[in-house]
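**Student:** One file is attached below, coords.txt, containing compact mmCIF, C-alpha atoms.
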# COMPACT_ATOMS: atom_id res chain seq x y z
CA MET N 1 -13.36 7.95 -6.69
CA GLU N 2 -14.86 5.33 -9.03
CA LEU N 3 -11.60 3.38 -9.09
CA LEU N 4 -11.49 3.30 -5.30
CA LYS N 5 -15.12 2.19 -5.06
CA SER N 6 -14.43 -0.65 -7.50
CA LEU N 7 -11.49 -1.81 -5.38
CA TYR N 8 -13.61 -1.79 -2.22
CA GLU N 9 -16.32 -3.88 -3.89
CA ILE N 10 -13.89 -6.77 -4.43
CA ASN N 11 -13.46 -9.25 -1.58
CA SER N 12 -9.82 -10.24 -1.17
CA LYS N 13 -9.33 -12.04 2.12
CA SER N 14 -5.84 -13.47 2.58
CA GLY N 15 -5.35 -16.43 0.26
CA GLN N 16 -8.25 -15.30 -1.97
CA GLU N 17 -6.53 -12.59 -3.99
CA ALA N 18 -7.30 -13.82 -7.53
CA ALA N 19 -10.10 -11.33 -8.23
CA ILE N 20 -8.18 -8.30 -6.96
CA LYS N 21 -5.11 -9.32 -9.00
CA LYS N 22 -7.22 -9.57 -12.14
CA PHE N 23 -8.77 -6.17 -11.48
CA VAL N 24 -5.45 -4.43 -10.84
CA GLN N 25 -3.91 -5.88 -13.98
CA LYS N 26 -6.93 -4.81 -16.02
CA GLN N 27 -6.52 -1.25 -14.72
CA LEU N 28 -2.91 -1.29 -15.92
CA ALA N 29 -3.55 -2.85 -19.33
CA ASP N 30 -2.96 0.46 -21.09
CA VAL N 31 0.47 0.98 -19.48
CA GLU N 32 3.65 -0.57 -20.87
CA LEU N 33 4.94 -2.67 -18.00
CA ALA N 34 7.01 -5.77 -17.29
CA VAL N 35 4.92 -7.91 -14.92
CA GLU N 36 6.00 -11.10 -13.17
CA GLU N 37 4.25 -13.31 -10.63
CA ASP N 38 6.30 -15.55 -8.37
CA SER N 39 5.40 -19.04 -7.21
CA PHE N 40 3.82 -17.70 -4.00
CA GLY N 41 1.52 -15.34 -5.89
CA ASN N 42 3.27 -11.99 -5.33
CA ILE N 43 3.26 -9.63 -8.31
CA PHE N 44 6.32 -7.61 -9.33
CA ILE N 45 6.07 -4.74 -11.83
CA THR N 46 8.72 -2.66 -13.57
CA LYS N 47 7.97 0.47 -15.60
CA GLY N 48 10.69 1.98 -17.76
CA THR N 49 14.37 1.18 -18.13
CA ALA N 50 16.91 2.55 -15.69
CA VAL N 51 20.01 1.70 -13.70
CA SER N 52 18.05 2.15 -10.47
CA TYR N 53 14.43 2.73 -9.51
CA PRO N 54 12.16 4.08 -6.82
CA CYS N 55 9.91 1.30 -5.54
CA VAL N 56 6.44 1.36 -4.00
CA THR N 57 4.71 -1.57 -2.29
CA ALA N 58 1.25 -2.53 -1.05
CA HIS N 59 -0.54 -5.78 -0.27
CA LEU N 60 -3.37 -7.36 -2.20
CA ASP N 61 -5.24 -9.01 0.65
CA GLU N 62 -7.55 -7.74 3.37
CA VAL N 63 -8.46 -9.08 6.78
CA HIS N 64 -12.26 -8.99 6.41
CA VAL N 65 -14.44 -12.05 5.81
CA PRO N 66 -16.18 -11.74 2.40
CA VAL N 67 -19.71 -10.32 2.61
CA GLU N 68 -22.08 -8.48 0.29
CA LYS N 69 -21.35 -4.83 0.98
CA HIS N 70 -22.90 -1.55 -0.03
CA LEU N 71 -20.68 1.50 -0.16
CA VAL N 72 -21.82 4.70 1.50
CA ILE N 73 -20.36 8.10 0.69
CA GLU N 74 -20.97 10.91 3.14
CA GLY N 75 -19.07 13.99 2.05
CA ASP N 76 -15.39 13.03 2.21
CA MET N 77 -16.00 9.73 4.04
CA ILE N 78 -16.39 6.30 2.43
CA TYR N 79 -17.55 3.27 4.38
CA ALA N 80 -19.76 0.21 3.84
CA VAL N 81 -22.76 -1.59 5.29
CA ASP N 82 -23.91 -5.17 4.80
CA ASP N 83 -27.36 -6.39 3.74
CA THR N 84 -28.68 -5.81 7.26
CA GLY N 85 -27.47 -2.22 7.37
CA GLU N 86 -24.65 -2.96 9.82
CA ARG N 87 -21.21 -1.47 9.24
CA THR N 88 -18.67 -3.76 7.60
CA GLY N 89 -15.05 -3.35 6.58
CA ILE N 90 -14.09 -2.07 3.14
CA GLY N 91 -10.55 -3.46 2.93
CA ALA N 92 -9.06 0.04 2.77
CA ASP N 93 -6.08 -1.66 4.40
CA ASP N 94 -4.60 -1.97 1.86
CA LYS N 95 -6.76 -1.17 -1.16
CA ASN N 96 -5.88 2.46 -0.55
CA GLY N 97 -2.30 1.45 -1.26
CA LEU N 98 -3.37 -0.32 -4.44
CA TRP N 99 -5.25 2.81 -5.55
CA ILE N 100 -2.13 4.91 -5.06
CA ILE N 101 0.02 2.43 -6.96
CA ILE N 102 -2.35 2.22 -9.93
CA ARG N 103 -2.31 6.01 -10.15
CA LEU N 104 1.49 6.19 -9.86
CA LEU N 105 2.04 3.58 -12.56
CA HIS N 106 0.02 5.74 -14.92
CA GLU N 107 1.84 8.92 -13.93
CA LYS N 108 5.51 8.12 -13.28
CA PRO N 109 7.92 7.17 -16.10
CA LEU N 110 10.17 4.99 -13.94
CA LEU N 111 8.89 2.83 -11.11
CA LYS N 112 9.11 -0.60 -9.56
CA VAL N 113 6.16 -2.04 -7.64
CA ALA N 114 5.78 -5.08 -5.40
CA LEU N 115 2.26 -6.29 -4.62
CA PHE N 116 2.32 -8.87 -1.86
CA VAL N 117 -0.24 -11.54 -1.01
CA GLN N 118 -1.19 -12.74 2.47
CA GLU N 119 0.17 -9.79 4.43
CA GLU N 120 -2.61 -9.94 6.99
CA ARG N 121 -2.51 -12.29 9.94
CA ASP N 122 -5.05 -15.11 9.48
CA GLY N 123 -6.12 -16.54 12.84
CA GLU N 124 -3.04 -18.18 14.34
CA ILE N 125 -1.15 -17.95 11.04
CA ALA N 126 1.39 -15.13 11.05
CA GLY N 127 1.16 -12.37 8.48
CA CYS N 128 3.61 -11.10 5.86
CA ARG N 129 3.71 -14.53 4.26
CA GLY N 130 4.21 -13.24 0.74
CA SER N 131 7.05 -10.92 1.66
CA ARG N 132 8.71 -13.62 3.74
CA ALA N 133 8.59 -16.04 0.78
CA CYS N 134 9.64 -13.83 -2.14
CA SER N 135 13.07 -13.54 -3.71
CA LEU N 136 14.90 -10.36 -2.75
CA ASP N 137 16.54 -10.10 -6.20
CA PHE N 138 13.77 -7.81 -7.49
CA PHE N 139 15.05 -5.12 -5.13
CA ASN N 140 18.69 -5.26 -6.24
CA ASP N 141 18.30 -2.14 -8.40
CA VAL N 142 15.93 -0.09 -6.23
CA ARG N 143 17.09 2.98 -4.30
CA TYR N 144 14.38 2.88 -1.64
CA ILE N 145 10.97 1.33 -0.95
CA LEU N 146 7.90 3.35 -0.02
CA ALA N 147 5.17 1.14 1.42
CA VAL N 148 1.66 2.63 1.41
CA ASP N 149 0.05 0.55 4.15
CA ARG N 150 -0.31 2.79 7.20
CA LYS N 151 -3.41 4.19 8.88
CA GLY N 152 -4.13 7.91 8.96
CA ASP N 153 -2.63 10.68 6.90
CA SER N 154 0.27 12.00 8.94
CA GLU N 155 2.78 9.23 9.73
CA VAL N 156 5.85 7.86 8.00
CA VAL N 157 7.00 4.75 9.85
CA THR N 158 10.80 4.60 9.92
CA VAL N 159 11.14 2.06 12.76
CA GLY N 160 8.94 -1.04 12.57
CA LYS N 161 7.72 -3.50 15.17
CA GLY N 162 10.58 -5.07 17.09
CA ASP N 163 12.66 -1.89 16.74
CA ILE N 164 13.48 -2.78 13.15
CA ARG N 165 15.18 0.24 11.60
CA LEU N 166 13.61 0.78 8.18
CA CYS N 167 15.40 4.00 7.30
CA TYR N 168 16.66 7.18 8.93
CA ASP N 169 14.48 10.25 9.23
CA ASP N 170 16.89 12.39 7.21
CA MET N 171 15.87 10.43 4.11
CA PHE N 172 12.87 12.76 3.84
CA PRO N 173 13.22 16.47 2.99
CA PRO N 174 11.82 18.33 6.03
CA GLU N 175 10.03 20.85 3.82
CA ILE N 176 8.11 18.03 2.10
CA LEU N 177 7.12 16.44 5.41
CA HIS N 178 5.96 19.82 6.68
CA LYS N 179 4.05 20.71 3.53
CA TYR N 180 1.98 17.52 3.67
CA GLY N 181 1.71 17.27 7.45
CA TYR N 182 3.67 14.04 7.92
CA GLU N 183 6.11 13.11 10.68
CA CYS N 184 8.46 10.17 11.19
CA VAL N 185 7.29 7.67 13.83
CA SER N 186 7.73 4.13 15.09
CA GLY N 187 4.99 1.73 13.98
CA GLY N 188 3.86 -1.83 13.55
CA ARG N 189 4.62 -4.75 11.29
CA THR N 190 4.10 -4.85 7.54
CA ASP N 191 5.82 -6.26 4.47
CA VAL N 192 8.78 -3.87 4.47
CA VAL N 193 9.51 -4.86 8.08
CA ALA N 194 9.56 -8.51 7.00
CA LEU N 195 11.91 -7.67 4.13
CA LYS N 196 14.25 -5.85 6.51
CA GLU N 197 14.20 -8.80 8.90
CA ARG N 198 15.38 -10.95 6.00
CA GLY N 199 18.41 -8.73 5.49
CA LEU N 200 17.27 -6.30 2.79
CA HIS N 201 19.62 -3.29 2.88
CA VAL N 202 17.42 -0.88 0.90
CA PRO N 203 15.94 2.04 2.91
CA CYS N 204 12.21 1.50 3.48
CA CYS N 205 9.29 3.21 5.18
CA ASN N 206 5.51 2.86 5.57
CA ILE N 207 3.28 5.83 4.76
CA GLY N 208 -0.20 6.71 6.03
CA CYS N 209 -2.75 6.52 3.20
CA GLY N 210 -6.03 7.81 4.52
CA TYR N 211 -7.79 4.84 6.15
CA TYR N 212 -9.03 4.61 9.72
CA ASN N 213 -10.24 1.87 12.12
CA ALA N 214 -8.42 -0.80 10.10
CA HIS N 215 -9.57 -4.39 10.62
CA LYS N 216 -12.80 -3.21 12.27
CA PRO N 217 -16.39 -3.15 10.99
CA ASP N 218 -16.41 0.65 11.17
CA GLU N 219 -13.36 1.02 8.94
CA TYR N 220 -13.53 4.08 6.69
CA THR N 221 -11.51 6.28 4.33
CA LEU N 222 -11.33 10.04 4.06
CA PHE N 223 -10.86 10.54 0.35
CA SER N 224 -9.06 13.87 0.68
CA HIS N 225 -6.52 12.19 2.98
CA LEU N 226 -5.96 9.46 0.41
CA GLU N 227 -5.46 12.05 -2.32
CA LYS N 228 -2.98 13.87 -0.09
CA ALA N 229 -1.06 10.61 0.40
CA LEU N 230 -0.87 10.10 -3.37
CA GLU N 231 0.51 13.59 -3.85
CA PHE N 232 2.98 13.12 -0.97
CA VAL N 233 4.30 9.81 -2.30
CA GLY N 234 4.58 11.27 -5.79
CA LYS N 235 6.57 14.21 -4.45
CA LEU N 236 8.91 11.88 -2.54
CA ILE N 237 9.56 9.89 -5.71
CA ASP N 238 10.45 13.12 -7.49
CA CYS N 239 12.69 14.40 -4.67
CA ILE N 240 14.47 11.42 -3.10
CA ASN N 241 17.49 10.22 -5.07
CA ARG N 242 19.38 8.12 -2.55
Output the structure of this file as structure tokens.
**Tutor:**
Amino acid sequence: MELLKSLYEINSKSGQEAAIKKFVQKQLADVELAVEEDSFGNIFITKGTAVSYPCVTAHLDEVHVPVEKHLVIEGDMIYAVDDTGERTGIGADDKNGLWIIIRLLHEKPLLKVALFVQEERDGEIAGCRGSRACSLDFFNDVRYILAVDRKGDSEVVTVGKGDIRLCYDDMFPPEILHKYGYECVSGGRTDVVALKERGLHVPCCNIGCGYYNAHKPDEYTLFSHLEKALEFVGKLIDCINR
């Protein structure tokens, strides 16, 4: 849980991702990786050498305005309060995804990762700016993309906002979905939806990773749900070969 707490303590509002980038890279310093950053600020990571790779994505930014926050742990729940004792967001959307990716890069021998900046909408400025600006070449040798940027712990988004087909439900072994309590649903907009809109042909999805009340002051994480998401994503990487 210490890694997750450290992520939550870093403010990373859209366009202010420098500190979170530095932290993530420090956490991966002991792993042999090829790391590139594009001109927009997105980070692309490759671990191992292969003809094709599984790929996992998350975004580096959060929607919350930077404040001094104090983390509170009550049993399985993690949330934060400000200096006045009022609830404030922790940026679990999508630092939970970053936590999963850091863990996977330590555990899996072959993996590609895309970490996008400026996914969140900022006032009147549309979101998914990093994924709309990046080159798609990084994904030429990936078999599928698993985004970890969905609320809750039971949904795999296979159709994104605007009826964008991300993948077909039969991509996922039913026994794995059942074991971890996930089901395929339609959902909102995130980076993999933007990539699909740009013509990416790789199957994608967006997986629930244990946060609740995203974008609100009473945002919180259930740590056991986050751990379940890590195990679920890891199992999909081991099982899906398409």
**Student:** Looking at N:Gln118, N:Ser39, N:Asn241, N:Asn206, which one is nearest to Val56 (chain N), with distances taken over all atoms listed in the file?
**Tutor:** N:Asn206
**Student:** Give me the residues near Leu136 (chain N) as a PDB file with C-alpha atoms, in the coordinates of the input, where near means some atom within 9 Å (using all atoms listed in the file) and where sequence neighbours in that chain fewer than 6 positions away do not count.
**Tutor:**
ATOM      1  CA  LEU N 195      11.910  -7.670   4.130  1.00  0.00           C
ATOM      2  CA  ARG N 198      15.380 -10.950   6.000  1.00  0.00           C
ATOM      3  CA  LEU N 200      17.270  -6.300   2.790  1.00  0.00           C
TER       4      LEU N 200
END
**Student:** Choose the residue, out of N:His201, N:His215, N:Lys47, N:Arg132, that has the smallest atom-to-atom separation from Asp61 (chain N); count all atoms listed in the file.
**Tutor:**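 Using all atoms listed in the file, the shortest distance to Asp61 (chain N) belongs to N:His215.
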**Student:** Of the residues N:Ile176, N:Cys204, N:Val233, N:Leu98, which is the one nearest to Leu115 (chain N), using only C-alpha atoms?
**Tutor:** N:Leu98
**Student:** The residues within 10 Å of (5.5, -17.1, -1.2), using all atoms listed in the file and the coordinates of the file, should be reported as a ChimeraX atom specification; which are they?
**Tutor:** /N:38-42,116-118,128-135
**Student:** Any idea what's packed within 9 Å of Val63 (chain N), counting all atoms listed in the file, ignoring anything in its chain fewer than 6 positions away? Could you give it as a PyMOL selection string?
**Tutor:** chain N and resi 12-14+89+91+93+119-122+214-215
**Student:** Can you tell me, as a ChimeraX atom specification, what residues are no more than 7 Å from Arg150 (chain N) when counting all atoms listed in the file, ignoring any on the same chain fewer than 3 positions away?
**Tutor:** /N:206-209
**Student:** Hey, which of N:Ile164, N:Val24, N:Leu33, N:Ala126 ends up closest to Pro109 (chain N)? Count all atoms listed in the file.
**Tutor:**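 Closest candidate: N:Leu33.
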**Student:** Report as a list of chain:residue names all protein, DNA and RNA residues lying within 9 Å of Ile240 (chain N), evaluated on all atoms listed in the file, omitting residues in the same chain fewer than 2 positions from it.
**Tutor:**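 Neighbouring residues, sequence-local ones excluded: N:Pro54, N:Arg143, N:Tyr144, N:Met171, N:Phe172, N:Pro173, N:Lys235, N:Leu236, N:Ile237, N:Asp238, N:Arg242.
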**Student:** Considering all atoms listed in the file, can you say which of N:Trp99, N:Lys151, N:Gln25, N:Thr46 comes closest to Glu219 (chain N)?
**Tutor:**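 That would be N:Lys151, the residue with the smallest distance to Glu219 (chain N).
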**Student:** For each of N:Leu222, N:Ala92, N:Val148, N:Val113, take the minimum atom-to-atom distance to Glu74 (chain N), counting only C-alpha atoms, then give the residue where this is smallest.
**Tutor:** N:Leu222
